[in-house]
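**Q** If it helps, the file is called structure.tsv and holds TSV, C-alpha atoms:
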chain	number	residue	atom	x	y	z
A	1329	MET	CA	21.95	15.59	-35.56
A	1330	ASP	CA	21.54	16.13	-31.81
A	1331	ARG	CA	24.60	15.94	-29.67
A	1332	ILE	CA	24.96	16.03	-25.95
A	1333	PRO	CA	27.40	18.81	-25.01
A	1334	ILE	CA	30.46	17.88	-22.99
A	1335	LEU	CA	31.79	20.72	-20.84
A	1336	LYS	CA	35.27	20.92	-19.40
A	1337	MET	CA	35.58	22.08	-15.81
A	1338	GLY	CA	39.17	22.09	-14.68
A	1339	PRO	CA	40.40	18.51	-14.73
A	1340	PHE	CA	36.85	17.15	-15.05
A	1341	LEU	CA	34.29	16.72	-17.80
A	1342	LEU	CA	30.65	17.58	-17.15
A	1343	VAL	CA	27.91	15.92	-19.17
A	1344	THR	CA	24.34	17.07	-18.59
A	1345	ILE	CA	21.70	14.96	-20.25
A	1346	GLN	CA	18.70	17.20	-20.75
A	1347	VAL	CA	16.87	15.42	-23.51
A	1348	ASP	CA	15.34	11.98	-23.62
A	1349	MET	CA	18.11	9.58	-24.50
A	1350	HIS	CA	17.63	7.47	-27.57
A	1351	ASP	CA	20.00	4.74	-28.59
A	1352	GLN	CA	21.80	6.68	-31.32
A	1353	LEU	CA	22.36	9.60	-28.98
A	1354	ALA	CA	23.82	7.30	-26.33
A	1355	LEU	CA	26.25	5.74	-28.80
A	1356	GLN	CA	27.27	9.20	-30.03
A	1357	LEU	CA	27.85	10.30	-26.43
A	1358	GLN	CA	30.02	7.26	-25.81
A	1359	ASP	CA	32.18	8.14	-28.82
A	1360	ASP	CA	32.44	11.85	-28.01
A	1361	LEU	CA	33.14	11.33	-24.34
A	1362	THR	CA	35.92	8.80	-24.73
A	1363	GLY	CA	37.48	11.07	-27.36
A	1364	ARG	CA	37.30	14.10	-25.09
A	1365	ILE	CA	38.72	12.27	-22.08
A	1366	VAL	CA	41.82	11.38	-24.04
A	1367	ALA	CA	42.05	14.81	-25.74
A	1368	VAL	CA	41.93	16.88	-22.54
A	1369	LYS	CA	43.45	14.27	-20.25
A	1370	ALA	CA	40.42	14.44	-17.97
A	1371	ARG	CA	40.72	12.94	-14.50
A	1372	GLY	CA	37.01	12.65	-13.81
A	1373	VAL	CA	33.65	12.58	-15.56
A	1374	LEU	CA	30.43	13.79	-14.01
A	1375	ILE	CA	27.20	12.69	-15.69
A	1376	ASP	CA	24.11	14.60	-14.57
A	1377	ILE	CA	20.94	12.69	-15.37
A	1378	SER	CA	18.53	14.71	-13.21
A	1379	SER	CA	16.39	15.56	-16.25
A	1380	LEU	CA	16.28	11.99	-17.48
A	1381	GLU	CA	12.87	10.58	-16.73
A	1382	ILE	CA	12.76	7.47	-18.89
A	1383	VAL	CA	15.39	4.75	-19.07
A	1384	ASP	CA	15.42	1.33	-20.66
A	1385	SER	CA	17.86	-1.52	-20.28
A	1386	PHE	CA	19.97	-0.23	-23.19
A	1387	ILE	CA	20.47	3.24	-21.71
A	1388	GLY	CA	21.14	1.68	-18.32
A	1389	ARG	CA	23.85	-0.48	-19.83
A	1390	MET	CA	25.27	2.49	-21.76
A	1391	ILE	CA	25.73	4.43	-18.53
A	1392	SER	CA	27.49	1.49	-17.00
A	1393	ASN	CA	29.65	1.02	-20.12
A	1394	ILE	CA	30.63	4.67	-20.27
A	1395	ALA	CA	31.75	4.47	-16.64
A	1396	GLY	CA	33.78	1.36	-17.42
A	1397	MET	CA	35.47	2.99	-20.44
A	1398	ALA	CA	36.26	6.16	-18.50
A	1399	ARG	CA	37.87	4.10	-15.74
A	1400	ILE	CA	40.15	2.40	-18.25
A	1401	LEU	CA	41.11	5.86	-19.50
A	1402	ASP	CA	41.99	6.81	-15.90
A	1403	ALA	CA	39.00	9.04	-15.27
A	1404	GLU	CA	36.66	8.52	-12.34
A	1405	THR	CA	32.95	8.57	-13.26
A	1406	VAL	CA	30.19	9.85	-11.01
A	1407	VAL	CA	26.52	9.64	-11.98
A	1408	VAL	CA	24.46	12.30	-10.20
A	1409	GLY	CA	20.84	13.33	-9.78
A	1410	MET	CA	19.06	10.09	-10.61
A	1411	GLN	CA	15.28	10.37	-10.23
A	1412	PRO	CA	13.55	7.91	-7.88
A	1413	ALA	CA	11.48	6.44	-10.70
A	1414	VAL	CA	14.62	5.88	-12.78
A	1415	ALA	CA	16.41	4.25	-9.84
A	1416	ILE	CA	13.49	1.88	-9.23
A	1417	THR	CA	13.32	1.02	-12.94
A	1418	LEU	CA	17.04	0.23	-13.14
A	1419	VAL	CA	16.86	-1.97	-10.04
A	1420	GLU	CA	13.82	-3.80	-11.39
A	1421	LEU	CA	15.71	-4.34	-14.64
A	1422	GLY	CA	18.53	-5.89	-12.61
A	1423	LEU	CA	20.97	-3.12	-13.46
A	1424	SER	CA	22.32	-1.82	-10.19
A	1425	LEU	CA	25.32	-0.23	-11.93
A	1426	GLU	CA	27.92	-1.93	-9.77
A	1427	GLY	CA	31.18	-0.03	-9.91
A	1428	VAL	CA	29.61	3.27	-10.88
A	1429	ARG	CA	29.83	5.93	-8.20
A	1430	THR	CA	26.73	7.97	-7.55
A	1431	ALA	CA	25.89	11.23	-5.81
A	1432	LEU	CA	22.71	13.10	-5.14
A	1433	ASN	CA	23.53	16.32	-7.01
A	1434	VAL	CA	26.26	18.01	-9.01
A	1435	ASP	CA	27.68	19.66	-5.88
A	1436	LYS	CA	28.21	16.41	-4.05
A	1437	GLY	CA	29.43	14.70	-7.21
A	1438	MET	CA	32.07	17.40	-7.70
A	1439	ALA	CA	33.15	17.06	-4.07
A	1440	LEU	CA	33.49	13.32	-4.56
A	1441	LEU	CA	35.63	13.76	-7.69
A	1442	GLN	CA	37.76	16.40	-6.00
A	1443	LYS	CA	38.38	14.07	-3.10
A	1444	SER	CA	39.39	11.15	-5.29
A	1445	LEU	CA	41.74	13.49	-7.14
A	1446	GLU	CA	43.40	14.64	-3.91
A	1447	ASP	CA	43.69	11.15	-2.56
A	1448	PRO	CA	43.95	8.74	-5.49
A	1449	GLU	CA	44.69	5.76	-3.28
A	1450	VAL	CA	41.31	5.90	-1.55
A	1451	GLU	CA	38.87	3.52	-3.14
A	1452	GLN	CA	35.27	3.52	-1.99
B	602	MET	CA	-56.07	-16.90	-1.57
B	603	ALA	CA	-52.53	-16.73	-2.80
B	604	ALA	CA	-49.74	-16.94	-0.26
B	605	GLY	CA	-48.68	-13.31	-0.67
B	606	GLN	CA	-52.25	-12.12	-0.23
B	607	VAL	CA	-52.66	-13.70	3.20
B	608	LEU	CA	-49.42	-12.23	4.43
B	609	GLN	CA	-50.30	-8.82	3.07
B	610	HIS	CA	-53.76	-8.94	4.69
B	611	ILE	CA	-52.37	-9.93	8.04
B	612	ILE	CA	-49.84	-7.12	8.04
B	613	ALA	CA	-52.41	-4.59	6.82
B	614	ARG	CA	-55.10	-5.51	9.37
B	615	THR	CA	-53.04	-6.03	12.49
B	616	GLN	CA	-50.20	-3.66	11.79
B	617	ASN	CA	-49.93	-2.06	15.23
B	618	GLU	CA	-50.36	-5.25	17.25
B	619	LEU	CA	-47.95	-7.07	15.00
B	620	LEU	CA	-45.39	-4.30	15.39
B	621	ALA	CA	-45.71	-4.30	19.18
B	622	GLU	CA	-45.44	-8.05	19.39
B	623	TRP	CA	-42.50	-8.14	17.00
B	624	LEU	CA	-40.66	-5.51	19.03
B	625	ALA	CA	-41.28	-7.57	22.16
B	626	THR	CA	-39.92	-10.68	20.42
B	627	GLN	CA	-36.86	-8.78	19.26
B	628	THR	CA	-36.15	-7.78	22.83
B	629	ALA	CA	-36.76	-11.31	24.08
B	630	ASP	CA	-34.45	-12.77	21.43
B	631	GLY	CA	-31.70	-10.37	22.37
B	632	ALA	CA	-31.62	-8.56	19.03
B	633	THR	CA	-32.01	-5.12	20.55
B	634	ARG	CA	-29.08	-3.18	21.84
B	635	THR	CA	-30.37	-0.22	23.79
B	636	ASP	CA	-26.78	0.90	24.28
B	637	LEU	CA	-26.28	1.21	20.54
B	638	MET	CA	-29.69	2.16	19.23
B	639	LYS	CA	-32.64	4.01	20.74
B	640	ALA	CA	-35.96	2.17	21.13
B	641	SER	CA	-37.75	4.80	19.07
B	642	GLU	CA	-35.30	4.33	16.22
B	643	LEU	CA	-35.77	0.57	16.29
B	644	ARG	CA	-39.52	1.05	16.31
B	645	GLU	CA	-39.28	3.29	13.26
B	646	GLN	CA	-37.10	0.78	11.40
B	647	SER	CA	-39.44	-2.10	12.24
B	648	ARG	CA	-42.49	-0.13	11.11
B	649	GLU	CA	-40.82	0.77	7.82
B	650	PHE	CA	-39.79	-2.84	7.22
B	651	LEU	CA	-43.36	-4.06	7.80
B	652	ALA	CA	-44.72	-1.47	5.40
B	653	LEU	CA	-42.21	-2.45	2.72
B	654	LEU	CA	-42.88	-6.14	3.29
B	655	GLN	CA	-46.60	-5.60	2.93
B	656	GLU	CA	-46.12	-3.66	-0.27
B	657	ALA	CA	-43.83	-6.31	-1.73
B	658	ALA	CA	-46.15	-9.19	-0.71
B	659	ARG	CA	-49.05	-7.41	-2.39
B	660	SER	CA	-47.45	-6.99	-5.80
B	661	GLY	CA	-44.69	-9.62	-5.90
B	662	SER	CA	-44.48	-13.38	-5.67
B	663	LEU	CA	-43.75	-14.94	-2.30
B	664	GLU	CA	-42.14	-18.05	-3.77
B	665	ASN	CA	-39.53	-16.15	-5.67
B	666	PRO	CA	-38.77	-12.98	-3.69
B	667	THR	CA	-36.16	-11.54	-6.04
B	668	GLY	CA	-38.16	-9.52	-8.57
B	669	GLY	CA	-38.56	-5.80	-8.89
B	670	ALA	CA	-41.32	-5.65	-6.28
B	671	TRP	CA	-38.88	-6.89	-3.63
B	672	ALA	CA	-36.10	-4.48	-4.48
B	673	PRO	CA	-37.17	-1.86	-1.88
B	674	VAL	CA	-37.18	-4.54	0.85
B	675	TYR	CA	-33.66	-5.66	-0.02
B	676	GLU	CA	-32.49	-2.11	-0.29
B	677	PHE	CA	-33.90	-1.29	3.15
B	678	LEU	CA	-32.30	-4.39	4.68
B	679	ALA	CA	-28.97	-3.53	3.07
B	680	GLY	CA	-29.21	-0.07	4.62
B	681	ILE	CA	-29.89	-1.27	8.16
B	682	SER	CA	-27.28	-4.06	7.93
B	683	ARG	CA	-24.70	-1.53	6.91
B	684	SER	CA	-25.57	0.92	9.67
B	685	ARG	CA	-25.67	-1.87	12.27
B	686	ALA	CA	-22.31	-3.24	11.16
B	687	ILE	CA	-20.82	0.19	11.71
B	688	GLN	CA	-22.68	0.73	15.01
B	689	GLY	CA	-21.17	-2.46	16.38
B	690	PHE	CA	-24.01	-4.99	16.31
B	691	SER	CA	-23.08	-8.65	15.97
B	692	PRO	CA	-24.17	-10.53	12.80
B	693	ALA	CA	-26.55	-12.68	14.87
B	694	GLU	CA	-28.23	-9.62	16.33
B	695	THR	CA	-28.65	-8.14	12.88
B	696	ALA	CA	-30.16	-11.31	11.41
B	697	THR	CA	-32.45	-11.75	14.42
B	698	PHE	CA	-34.10	-8.48	13.43
B	699	VAL	CA	-35.68	-10.40	10.54
B	700	PHE	CA	-35.96	-13.86	12.11
B	701	SER	CA	-37.81	-12.59	15.17
B	702	LEU	CA	-40.69	-11.61	12.91
B	703	LYS	CA	-41.43	-15.31	12.39
B	704	GLN	CA	-43.11	-15.94	15.72
B	705	PRO	CA	-45.69	-13.13	15.67
B	706	LEU	CA	-46.41	-13.75	12.00
B	707	PHE	CA	-46.86	-17.49	12.43
B	708	THR	CA	-49.22	-16.99	15.37
B	709	ARG	CA	-51.40	-14.84	13.20
B	710	LEU	CA	-51.24	-17.23	10.24
B	711	ARG	CA	-52.42	-20.03	12.52
B	712	ARG	CA	-55.35	-17.91	13.65
B	713	GLU	CA	-56.18	-16.92	10.08
B	714	ILE	CA	-56.06	-20.29	8.29
B	715	THR	CA	-58.00	-23.28	9.58
B	716	ASP	CA	-57.17	-25.81	6.88
B	717	ALA	CA	-54.09	-27.75	7.99
B	718	GLN	CA	-52.74	-28.27	4.47
B	719	ALA	CA	-53.09	-24.61	3.53
B	720	LEU	CA	-51.56	-23.54	6.85
B	721	ALA	CA	-48.53	-25.76	6.33
B	722	ASP	CA	-48.00	-24.35	2.83
B	723	GLU	CA	-48.37	-20.81	4.03
B	724	LEU	CA	-46.01	-21.30	6.99
B	725	TRP	CA	-43.41	-22.86	4.73
B	726	ALA	CA	-43.59	-20.06	2.19
B	727	THR	CA	-43.32	-17.37	4.88
B	728	SER	CA	-40.51	-19.19	6.62
B	729	VAL	CA	-38.49	-19.50	3.41
B	730	LEU	CA	-39.05	-15.84	2.66
B	731	LEU	CA	-37.88	-14.66	6.07
B	732	ASP	CA	-34.90	-16.99	5.95
B	733	LYS	CA	-33.84	-15.47	2.66
B	734	LEU	CA	-34.22	-11.95	3.96
B	735	GLY	CA	-32.37	-12.83	7.18
B	736	LEU	CA	-29.48	-14.38	5.27
B	737	TYR	CA	-29.35	-11.33	3.09
B	738	THR	CA	-28.82	-9.10	6.14
B	739	THR	CA	-25.93	-11.33	7.24
B	740	GLU	CA	-24.42	-11.14	3.78
B	741	MET	CA	-24.64	-7.36	3.69
B	742	PHE	CA	-23.32	-7.17	7.24
B	743	GLN	CA	-20.30	-9.23	6.23
B	744	LYS	CA	-19.72	-7.12	3.16
B	745	THR	CA	-19.77	-3.91	5.17
B	746	ARG	CA	-17.29	-5.33	7.65
B	747	GLU	CA	-15.00	-6.38	4.82
B	748	GLU	CA	-15.15	-2.88	3.37
B	749	VAL	CA	-14.19	-1.51	6.78
B	750	ILE	CA	-11.24	-3.92	6.96
B	751	ALA	CA	-10.08	-3.04	3.46
B	752	ARG	CA	-10.24	0.65	4.28
B	753	GLN	CA	-8.29	0.16	7.49
B	754	GLN	CA	-5.64	-1.85	5.64
B	755	GLN	CA	-5.25	1.02	3.21
B	756	GLU	CA	-4.96	3.51	6.05
B	757	LEU	CA	-2.44	1.30	7.81
B	758	LEU	CA	-0.39	1.17	4.62
B	759	GLU	CA	-0.27	4.94	4.46
B	760	LEU	CA	0.39	5.35	8.18
B	761	SER	CA	3.10	2.77	8.51
B	762	THR	CA	5.80	4.17	6.27
B	763	PRO	CA	7.08	7.34	7.86
B	764	VAL	CA	10.50	8.54	6.78
B	765	VAL	CA	12.11	10.45	9.63
B	766	ASN	CA	14.78	13.07	9.24
B	767	LEU	CA	17.17	12.17	12.06
B	768	TRP	CA	19.99	14.61	11.47
B	769	LYS	CA	21.38	16.74	8.72
B	770	ASP	CA	21.82	14.39	5.75
B	771	ILE	CA	20.59	11.36	7.70
B	772	LEU	CA	17.19	9.74	7.23
B	773	ALA	CA	15.68	6.91	9.26
B	774	LEU	CA	12.99	4.52	8.09
B	775	PRO	CA	11.61	2.49	10.99
B	776	LEU	CA	9.69	-0.41	9.51
B	777	ILE	CA	6.99	-2.00	11.65
B	778	GLY	CA	4.86	-4.99	10.76
B	779	THR	CA	4.94	-7.59	8.04
B	780	LEU	CA	6.42	-6.50	4.74
B	781	ASP	CA	4.67	-7.57	1.56
B	782	SER	CA	5.25	-6.51	-2.03
B	783	ALA	CA	2.68	-3.70	-2.00
B	784	ARG	CA	4.04	-2.24	1.22
B	785	THR	CA	7.66	-2.51	0.18
B	786	GLN	CA	6.85	-0.64	-3.00
B	787	VAL	CA	5.35	2.21	-0.97
B	788	VAL	CA	8.32	2.13	1.40
B	789	MET	CA	10.80	2.28	-1.46
B	790	GLU	CA	9.03	5.12	-3.21
B	791	SER	CA	8.59	7.24	-0.10
B	792	LEU	CA	12.22	6.73	0.92
B	793	LEU	CA	13.57	7.69	-2.51
B	794	GLN	CA	11.25	10.70	-2.68
B	795	LYS	CA	12.43	11.85	0.73
B	796	ILE	CA	16.06	11.44	-0.33
B	797	VAL	CA	15.42	13.80	-3.25
B	798	GLU	CA	13.61	16.31	-1.03
B	799	THR	CA	16.15	16.43	1.78
B	800	GLY	CA	19.33	15.64	-0.12
B	801	ALA	CA	20.22	13.06	2.52
B	802	ALA	CA	23.46	11.12	2.11
B	803	ILE	CA	22.59	8.18	4.38
B	804	ALA	CA	19.36	6.32	5.03
B	805	ILE	CA	18.99	3.94	7.97
B	806	ILE	CA	16.41	1.19	7.48
B	807	ASP	CA	15.46	-0.13	10.91
B	808	ILE	CA	13.71	-3.50	10.84
B	809	THR	CA	13.33	-4.05	14.60
B	810	GLY	CA	9.57	-4.14	14.14
B	811	VAL	CA	9.53	-6.60	11.27
B	812	PRO	CA	8.49	-10.00	12.67
B	813	THR	CA	9.65	-12.22	9.79
B	814	VAL	CA	11.93	-11.92	6.82
B	815	ASP	CA	11.61	-14.34	3.91
B	816	THR	CA	13.45	-14.37	0.59
B	817	LEU	CA	10.96	-11.99	-0.97
B	818	VAL	CA	11.27	-9.42	1.82
B	819	ALA	CA	15.05	-9.71	1.78
B	820	GLN	CA	15.05	-9.18	-1.96
B	821	HIS	CA	12.84	-6.12	-1.57
B	822	LEU	CA	15.21	-4.71	1.03
B	823	LEU	CA	18.17	-5.27	-1.27
B	824	LYS	CA	16.32	-3.56	-4.12
B	825	THR	CA	15.57	-0.56	-1.94
B	826	VAL	CA	19.23	-0.34	-0.93
B	827	ALA	CA	20.36	-0.63	-4.57
B	828	ALA	CA	17.91	2.05	-5.72
B	829	ALA	CA	19.02	4.42	-2.96
B	830	ARG	CA	22.64	3.81	-3.92
B	831	LEU	CA	21.85	4.66	-7.56
B	832	MET	CA	20.58	8.01	-6.38
B	833	GLY	CA	23.74	8.61	-4.42
B	834	ALA	CA	22.64	7.74	-0.90
B	835	ASP	CA	24.08	4.98	1.28
B	836	CYS	CA	21.84	2.63	3.23
B	837	ILE	CA	22.44	0.99	6.59
B	838	ILE	CA	20.14	-1.78	7.79
B	839	SER	CA	19.76	-1.94	11.56
B	840	GLY	CA	17.76	-3.85	14.14
B	841	ILE	CA	18.17	-7.33	12.67
B	842	ARG	CA	17.02	-9.76	15.35
B	843	PRO	CA	18.88	-13.02	16.02
B	844	GLN	CA	16.18	-15.22	14.49
B	845	ILE	CA	16.08	-13.05	11.39
B	846	ALA	CA	19.86	-13.18	11.03
B	847	GLN	CA	19.63	-16.99	11.19
B	848	THR	CA	16.83	-17.04	8.62
B	849	ILE	CA	18.69	-14.78	6.24
B	850	VAL	CA	21.80	-16.95	6.32
B	851	HIS	CA	19.81	-20.18	6.03
B	852	LEU	CA	17.94	-18.79	3.04
B	853	GLY	CA	21.26	-18.00	1.39
B	854	VAL	CA	20.44	-14.32	0.94
B	855	ASP	CA	23.60	-12.33	0.40
B	856	LEU	CA	23.50	-9.17	2.48
B	857	GLY	CA	27.26	-8.80	2.19
B	858	SER	CA	27.08	-5.69	0.05
B	859	VAL	CA	24.92	-3.87	2.59
B	860	SER	CA	26.27	-2.49	5.84
B	861	THR	CA	24.30	-3.76	8.81
B	862	LYS	CA	24.33	-2.64	12.42
B	863	ALA	CA	22.79	-4.20	15.51
B	864	THR	CA	20.78	-1.21	16.69
B	865	LEU	CA	19.51	2.06	15.34
B	866	ALA	CA	21.89	3.86	17.74
B	867	ASP	CA	24.94	2.10	16.28
B	868	ALA	CA	23.78	2.83	12.76
B	869	PHE	CA	23.23	6.48	13.65
B	870	LEU	CA	26.74	6.73	15.05
B	871	VAL	CA	28.23	5.29	11.86
B	872	ALA	CA	26.09	7.59	9.76
B	873	LEU	CA	27.24	10.63	11.74
B	874	LYS	CA	30.89	9.66	11.28
B	875	ARG	CA	30.44	9.06	7.57
B	876	THR	CA	28.63	12.30	6.81
B	877	GLN	CA	31.18	14.28	8.77
B	878	SER	CA	34.09	12.73	6.96
B	879	SER	CA	32.50	12.97	3.54
B	880	LEU	CA	31.88	16.69	3.95
B	881	PRO	CA	34.43	18.62	1.90
B	882	LYS	CA	36.67	21.04	3.77
B	883	GLY	CA	35.20	24.46	3.98
B	884	LEU	CA	31.64	23.21	3.98
B	885	SER	CA	31.77	21.59	7.40
B	886	GLY	CA	30.36	23.60	10.29
Rewrite the structure of this file - the entire thing - as structure tokens.

**A**
Amino acid sequence: MDRIPILKMGPFLLVTIQVDMHDQLALQLQDDLTGRIVAVKARGVLIDISSLEIVDSFIGRMISNIAGMARILDAETVVVGMQPAVAITLVELGLSLEGVRTALNVDKGMALLQKSLEDPEVEQ
Amino acid sequence: MAAGQVLQHIIARTQNELLAEWLATQTADGATRTDLMKASELREQSREFLALLQEAARSGSLENPTGGAWAPVYEFLAGISRSRAIQGFSPAETATFVFSLKQPLFTRLRREITDAQALADELWATSVLLDKLGLYTTEMFQKTREEVIARQQQELLELSTPVVNLWKDILALPLIGTLDSARTQVVMESLLQKIVETGAAIAIIDITGVPTVDTLVAQHLLKTVAAARLMGADCIISGIRPQIAQTIVHLGVDLGSVSTKATLADAFLVALKRTQSSLPKGLSG
């Protein structure tokens, strides 16, 4: 079965979604990611969805859920690289992912995580 | 003699006189615009119309001028209506092209037919025919104008949504004119596309030029802001006029989650500060 690889970069985890997400894959990712966060004591999670071109309400909610779970496990989540079409779709679906931090690309997302690590009191 | 036959005979026999007289009537009725169309061109059009009318009257019925024999006449009229609409004629001037034919034709019908009853019938039939043709020119004229308007609307839509790159990482979107659903969709798409292309961190939406904001427009603005945020860019709305601020609050629209500034200059200043501070050390300068 397909799995989405989770890479460790210093204190952060990097997840790059490069295939079309289906529901089973999303659930698997949720399991794997929460497990890895605890296992490596990750302080931040960066989810790159720049290759994701199709989303539905379920995937939208999964992204939001994953961010919520990571926060409980004391890891900041940043979603980066969302395509315009995906952003419009999520907004039209009424999922504006409140509470999830976003950045334009991996670079900026990493900078954001680094900053929140240096200065944990700062909340955006 | 059938109604169409008389008409056809008159046109055939007195073609040149009829043409001259008709042209004179057109000038008298104010249907000619020498500033827009040359006299020779008008003469050519009139001659062609007479020839087509003669042909149609010969083979088609005058009472019901819709059949295949009349198709060339309608086609010709559609052509000149279209060209006149674009040249800048008024609808009345275009329709008078056909209506002014009545007088010279009727004069000749009176000369041709002596029986009062037959003359009345013939006049009526001709009058109805020319009315129909005249109305048709107006209809085509209108249609052409509407096409022009539709095209201009489309062009306006494309023109009116420029996304300006103000500074490194800062985009500005000056909105001008009334926002409707179709336009907001274009605005949203072009803004998001530009964010991807330039990698901008902040987009300023300036609504100084938007005359009214209703719930729908406000909702569209909020959607645009939310979509930009999902992509990782912040939005600032600037240029909200006093009346619009009142409307927004009265409508109960919650703009609390969006940062707003009075003018584009203020928004730009905030954007500059934010991009500077959000730059990681080592990358600035």

**Q** Using all atoms listed in the file, which protein or nucleic acid residues come within 12 Å of region 606-617 of chain B? Drop anything in the same chain fewer than 3 positions from it, and give the result as JSON, numbers by chain.

**A** {"B": [602, 603, 620, 621, 622, 623, 624, 644, 647, 648, 649, 650, 651, 652, 653, 654, 655, 656, 657, 658, 659, 660, 661, 662, 663, 702, 703, 705, 706, 707, 708, 709, 710, 711, 712, 713, 714, 719, 720, 722, 723, 724, 726, 727, 728, 730, 731]}

**Q** May I have the residues from that selection written out with C-alpha atoms, as a tab-separated table (two decimals), in the frame of the given file?

**A**
chain	number	residue	atom	x	y	z
B	602	MET	CA	-56.07	-16.90	-1.57
B	603	ALA	CA	-52.53	-16.73	-2.80
B	620	LEU	CA	-45.39	-4.30	15.39
B	621	ALA	CA	-45.71	-4.30	19.18
B	622	GLU	CA	-45.44	-8.05	19.39
B	623	TRP	CA	-42.50	-8.14	17.00
B	624	LEU	CA	-40.66	-5.51	19.03
B	644	ARG	CA	-39.52	1.05	16.31
B	647	SER	CA	-39.44	-2.10	12.24
B	648	ARG	CA	-42.49	-0.13	11.11
B	649	GLU	CA	-40.82	0.77	7.82
B	650	PHE	CA	-39.79	-2.84	7.22
B	651	LEU	CA	-43.36	-4.06	7.80
B	652	ALA	CA	-44.72	-1.47	5.40
B	653	LEU	CA	-42.21	-2.45	2.72
B	654	LEU	CA	-42.88	-6.14	3.29
B	655	GLN	CA	-46.60	-5.60	2.93
B	656	GLU	CA	-46.12	-3.66	-0.27
B	657	ALA	CA	-43.83	-6.31	-1.73
B	658	ALA	CA	-46.15	-9.19	-0.71
B	659	ARG	CA	-49.05	-7.41	-2.39
B	660	SER	CA	-47.45	-6.99	-5.80
B	661	GLY	CA	-44.69	-9.62	-5.90
B	662	SER	CA	-44.48	-13.38	-5.67
B	663	LEU	CA	-43.75	-14.94	-2.30
B	702	LEU	CA	-40.69	-11.61	12.91
B	703	LYS	CA	-41.43	-15.31	12.39
B	705	PRO	CA	-45.69	-13.13	15.67
B	706	LEU	CA	-46.41	-13.75	12.00
B	707	PHE	CA	-46.86	-17.49	12.43
B	708	THR	CA	-49.22	-16.99	15.37
B	709	ARG	CA	-51.40	-14.84	13.20
B	710	LEU	CA	-51.24	-17.23	10.24
B	711	ARG	CA	-52.42	-20.03	12.52
B	712	ARG	CA	-55.35	-17.91	13.65
B	713	GLU	CA	-56.18	-16.92	10.08
B	714	ILE	CA	-56.06	-20.29	8.29
B	719	ALA	CA	-53.09	-24.61	3.53
B	720	LEU	CA	-51.56	-23.54	6.85
B	722	ASP	CA	-48.00	-24.35	2.83
B	723	GLU	CA	-48.37	-20.81	4.03
B	724	LEU	CA	-46.01	-21.30	6.99
B	726	ALA	CA	-43.59	-20.06	2.19
B	727	THR	CA	-43.32	-17.37	4.88
B	728	SER	CA	-40.51	-19.19	6.62
B	730	LEU	CA	-39.05	-15.84	2.66
B	731	LEU	CA	-37.88	-14.66	6.07

**Q** Check every residue of chain B for an atom within 8 Å of chain A, counting only C-alpha atoms, and provide those that qualify as a PyMOL selection string.

**A** chain B and resi 790+793-794+797+800+802+824-825+827-834+881

**Q** Generate the output file for the selected residues, C-alpha atoms, as a PDB file, in the frame of the given file.

**A**
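selection14.pdb, freshly written:
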ATOM      1  CA  GLU B 790       9.030   5.120  -3.210  1.00  0.00           C
ATOM      2  CA  LEU B 793      13.570   7.690  -2.510  1.00  0.00           C
ATOM      3  CA  GLN B 794      11.250  10.700  -2.680  1.00  0.00           C
ATOM      4  CA  VAL B 797      15.420  13.800  -3.250  1.00  0.00           C
ATOM      5  CA  GLY B 800      19.330  15.640  -0.120  1.00  0.00           C
ATOM      6  CA  ALA B 802      23.460  11.120   2.110  1.00  0.00           C
ATOM      7  CA  LYS B 824      16.320  -3.560  -4.120  1.00  0.00           C
ATOM      8  CA  THR B 825      15.570  -0.560  -1.940  1.00  0.00           C
ATOM      9  CA  ALA B 827      20.360  -0.630  -4.570  1.00  0.00           C
ATOM     10  CA  ALA B 828      17.910   2.050  -5.720  1.00  0.00           C
ATOM     11  CA  ALA B 829      19.020   4.420  -2.960  1.00  0.00           C
ATOM     12  CA  ARG B 830      22.640   3.810  -3.920  1.00  0.00           C
ATOM     13  CA  LEU B 831      21.850   4.660  -7.560  1.00  0.00           C
ATOM     14  CA  MET B 832      20.580   8.010  -6.380  1.00  0.00           C
ATOM     15  CA  GLY B 833      23.740   8.610  -4.420  1.00  0.00           C
ATOM     16  CA  ALA B 834      22.640   7.740  -0.900  1.00  0.00           C
ATOM     17  CA  PRO B 881      34.430  18.620   1.900  1.00  0.00           C
TER      18      PRO B 881
END

**Q** Using CA of Val1434 (chain A) and CA of Met1349 (chain A) as the two end points, give the distance in Å to one decimal.

**A**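 Interatomic distance, CA of Val1434 (chain A) to CA of Met1349 (chain A): 19.4 Å.
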
**Q** Near Asp1402 (chain A), within 12 Å and counting only C-alpha atoms, which residues show up once chain neighbours fewer than 5 positions away are dropped, as a PyMOL selection string?

**A** chain A and resi 1339-1340+1362+1365-1366+1369-1373+1395-1397+1444-1445+1448

**Q** Could you tell me how far CA of Thr1405 (chain A) sits from CA of Asp1435 (chain A), in Å to one decimal place?

**A**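 Pair CA of Asp1435 (chain A) / CA of Thr1405 (chain A) returns 14.3 Å.
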
**Q** Could you tell me how far CA of Ser1379 (chain A) sits from CA of Thr1344 (chain A), in Å to one decimal place?

**A**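 Taking CA of Thr1344 (chain A) and CA of Ser1379 (chain A), their separation equals 8.4 Å.
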
**Q** Got a sec: who's within 12 Å of Asp1330 (chain A), counting only C-alpha atoms, leaving out chain neighbours fewer than 3 positions off, as a PyMOL selection string?

**A** chain A and resi 1333+1345-1357

**Q** Between B:Gly668, B:Gly840, B:Pro775, B:Gly853, which one has atoms that come closest to Ala804 (chain B), using all atoms listed in the file?

**A** B:Pro775
